[in-house]
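Asks: Just passing along the structure, written as structure tokens.
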Amino acid sequence: MTEHPNSFRNQPDERGHFGAYGGRYVAETLMPLVLDLEREYRAAKADPAFQEQFDDLLEHYVGRPSPLYFAERLTEALGGAQVWFKREELNHTGAHKINNCIGQILLAIRMGKTRIIAETGAGQHGVATATVCARFGLPCTIFMGATDVARQQPNVFRMKLLGAEVVPVDSGAATLKDAMNEALRHWVANVHDTFYIIGTAAGPHPYPELVRDFQSVIGKEARAQMLERTGRLPDLLIAAVGGGSNAIGLFHPFLDDPDVAMIGVEAAGHGIDSGQHAASLTGGAPGVLHGNKTYLLQDEDGQIAEAHSISAGLDYPGIGPEHAWLYESGRVKYLPIGDDEALEAFQLCCRLEGIIPALESSHALAALPKLAGDYGRDQIILVNVSGRGDKDIFTVADKLGVTF
Amino acid sequence: MTRLSSAFAKPHPALVTFITAGDGDTAANLDALVEGGADVIELGMPFTDPMADGPAIQAANIRALGAGTTTAEVLRIAREFRQRHPQVPLVLMGYANPMVRRRPEWFASAAAEAGVDGVICVDIPPEEDDALGPALRAAGIAPIRLATPTTDAARLPQVLEGSAGFLYYVSVAGITGKQQAAQASIEDAVKRFKAATDLPVAVGFGVRTPKQAAAIARVADGVIVGSALVELIGTHGKDAPEHLRELTSALSGAIRTAG
Ligand SMILES: Cc1ncc(COP(=O)(O)O)c(C=O)c1O
């Protein structure tokens with residue numbers, strides 16, 4: 001566990017294992033398909049035309065690079081380190097999710113698949129998937145927990161406007177985990193023509209790797225932008241962790257910079273002790289779900305527990321396998337942040353910076369008051385503002401007791 | 001001869017029946033299956049996230065977990081079944097996480113102690129089977145693997161490597177209880193598998209009626225029925241045993257006379 005590898009950037013191994021985590025824990029029906037996907041991904045990665053098309057779409061369709069922004073008033077208010085934002089909320093569709101969707105739909109087309117499915121929690125990944133499907137003319141079915149359908153109405157309507165079919169899933173707590181179960185069931189039954197665009201850095205190999213690679217544009221840009229603007233690297237990176245795609249996208253290009261510390265923020269919901277949270281590393285244990293071995297919220301029999309977070313995008317009882325490995329290796333620290341703290345940070349960011357952050361990103365922002373004071377004014381904390389909060393205003397209004 | 005190999009050495013193909021542990025009066029339901037003529041019992045271990053199952057077995061999982069079914073309870077049901085039915089092979093079927101939660105070795109020895117003959121784990125493919133499979137074999141339990149319509153010739157040896165008991169052919173690319181496979185495709189697949197292994201080949205997924213069972217029995221070593229039985233438990237609750245006995249006996253009769 002404390003053994004230090006030469007590089008933190010050469011995972012996974014050829015079987016898709018990040019240390020003891022990851023792998024391909026899927027039903028036999030899906031095995032040939034995930035092996036196929038891996039072959040196709042290796043070929044795409046080695047194909048300059050693929051990379052060129054990906055970069056071109058990110059620039060002209062998504063609007064990259066996203067800005068690196070000095071949050072001056074928040075810095076003043078916190079009275080410690082300089083706070084900078086990576087502005088993923090300015091991407092087309094309002095979150096980092098689109099980076100991954102562009103990459104995966106190009107893979108789907110390469111593989112000759114003619115239908116797209118996806119799961120979604122907050123609806124950001126569903127919207128991003130529906131968007132790329134509209135852009136490339138492929139039919140799209142989005143599985144979404146019925147609870148999330150109710151609390152993310154604007155995104156449900158957005159998906160429909162974009163031409164997607166939204167299937168509400170009633171099983172379990174009817175949130176992201178259940179949507180993923182249903183998407184996997186649908187995929188198993190339609191393997192011949194269907195591509196599953198997984199929305200986070202989890203699932204069977206090669207998904208955690210390819211989602212990370214597509215999202216690494218965040219960290220690559222941020223690293224270059226930071227060097228250009230300040231001549232140095234940040235001292236600390238902070239990102240919210242649901243499945244972990246925006247976090248790994250920011251962190252990965254910095255993993256071998258020993259002076260850059262990193263914190264992934266897990267959703268602590270009503271508190272770790274309450275049992276109502278989504279902090280799989282802080283409050284979970286290793287297990288197998290949704291195609292990978294990773295940390296999970298579960299009981300002593302291995303039954304999966306329902307997660308809770310005010311943020312639908314963090315409301316998942318697992319975490320991507322690379323984070324499980326980074327956690328055990330000690331390279332990245334993980335900090336639980338609760339609903340109330342996230343709500344505070346949401347409001348603070350609105351008022352001080354004129355930016356309405358997603359509730360997911362608000363969890364990352366909420367770590368700042370705890371940490372900024374430990375750093376001097378010449379030091380830099382970079383926060384990934386993974387998405388914008390327009391989708392969350394009804395949830396926030398409800399929590400603040402406001403009716404329209 | 002093991003209990004499993006004896007079941008497949010009978011003069012007729014084996015009827016393999018699945019129900020979920022903890023769904024209704026499981027002991028009475030299992031007895032009804034045996035009385036109806038089941039040759040092999042598959043006992044489902046309930047799981048919160050049954051990703052390969054359709055609505056009927058999903059509902060059974062929810063009922064079983066809602067009734068407080070723990071791993072200890074599943075093992076108790078198995079142990080008591082073994083005491084009542086010393087000769088009928090019993091196979092546990094389920095998902096990886098409950099099997100590996102206390103370490104695969106713990107699960108394998110607890111299952112062996114309960115008199116379990118085989119284990120089917122839906123979401124551990126051969127590629128990831130370096131812990132559970134060896135633990136099961138060491139405990140004298142047959143790791144039973146699944147082959148599917150997507151298992152091509154290149155993969156088949158890997159699926160067969162280290163598997164025992166019988167080969168479970170999932171005849172539709174899909175989830176349990178849904179559509180039925182075309183008879184011709186079943187025949188082709190079984191022929192392909194029989195050429196590659198000496199293990200008996202049993203066919204399941206989407207098999208509901210005596211007529212279907214008879215057709216499959218003409219080409220395979222075993223016929224697996226699950227959702228149709230599980231639905232009876234969902235519909236009839238406490239009165240399920242008589243309905244289970246009736247359907248099992250019709251299936252068993254059809255298989256025995258399929259010739
Ligand atoms: C804006 C935003 N940030 C973060 C997340 C969490 O996902 P991940 O951990 O994969 O970045 C989501 C998920 O919906 C999201 O919409």
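By order of appearance in the structure tokens: chains A, B, ..., then residues from 1 within every chain, and ligands from 1 in the order shown.
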Please list as a list in words every residue within 6 Å of range 204-217 of chain B, counting only C-alpha atoms and excluding residues in the same chain fewer than 5 positions away.
Replies: Pro13, Val170, Ser171, Thr176, Gly177, Lys178, Gln179, Gln180, Ile224, Val225, Ala228, Leu251, Ala254, Ile255 and Ala258 of chain B
Asks: Apply DSSP to the backbone of this structure and, from range 19-187 of chain B, keep only the residues in alpha helix (DSSP H); write these as a count of residues only.
Replies: 69
Asks: Using only C-alpha atoms and a cut-off of 9 Å, which residues of chain B sit close to chain A? Please list them as an MDAnalysis selection string.
Replies: chainID B and resid 46:54 58 62 70:72 95:102 121:128 145:152 155 159 170 172:175
Asks: Given only C-alpha atoms and all ligand atoms, how would the per-residue table for chain A near ligand 1 read, listing every residue at most 7 Å away with its closest atom pair and distance in Å to one decimal, sorted by chain and number, as a tab-separated table?
Replies:
```
residue	atom	partner	partner_atom_place_in_ligand_line	distance
A:Ala95	CA	ligand 1	1 (C)	5.0
A:His96	CA	ligand 1	1 (C)	6.7
A:Lys97	CA	ligand 1	16 (O)	6.9
A:Thr120	CA	ligand 1	14 (O)	6.9
A:Gly121	CA	ligand 1	14 (O)	5.6
A:Ala122	CA	ligand 1	14 (O)	4.7
A:Gly123	CA	ligand 1	14 (O)	6.4
A:Gln124	CA	ligand 1	16 (O)	4.7
A:His125	CA	ligand 1	14 (O)	5.9
A:Gly199	CA	ligand 1	10 (O)	6.5
A:Thr200	CA	ligand 1	10 (O)	4.0
A:Ala201	CA	ligand 1	10 (O)	6.0
A:Ala240	CA	ligand 1	4 (C)	6.1
A:Val241	CA	ligand 1	9 (O)	3.9
A:Gly242	CA	ligand 1	9 (O)	3.3
A:Gly243	CA	ligand 1	9 (O)	4.1
A:Gly244	CA	ligand 1	9 (O)	3.3
A:Ser245	CA	ligand 1	10 (O)	3.5
A:Asn246	CA	ligand 1	11 (O)	3.7
A:Ala247	CA	ligand 1	11 (O)	5.9
A:Ala312	CA	ligand 1	14 (O)	6.7
A:Gly313	CA	ligand 1	14 (O)	3.4
A:Leu314	CA	ligand 1	6 (C)	5.3
A:Ala358	CA	ligand 1	1 (C)	5.3
A:Glu360	CA	ligand 1	3 (N)	4.7
A:Ser361	CA	ligand 1	3 (N)	5.4
A:Ser386	CA	ligand 1	3 (N)	4.6
A:Gly387	CA	ligand 1	1 (C)	3.5
A:Arg388	CA	ligand 1	1 (C)	6.4
```
Asks: Choose the residue, out of B:Leu90, B:Leu75, B:Leu15, B:Asp31, that has the smallest atom-to-atom separation from Ala110 in chain B; count only C-alpha atoms.
Replies: B:Leu75
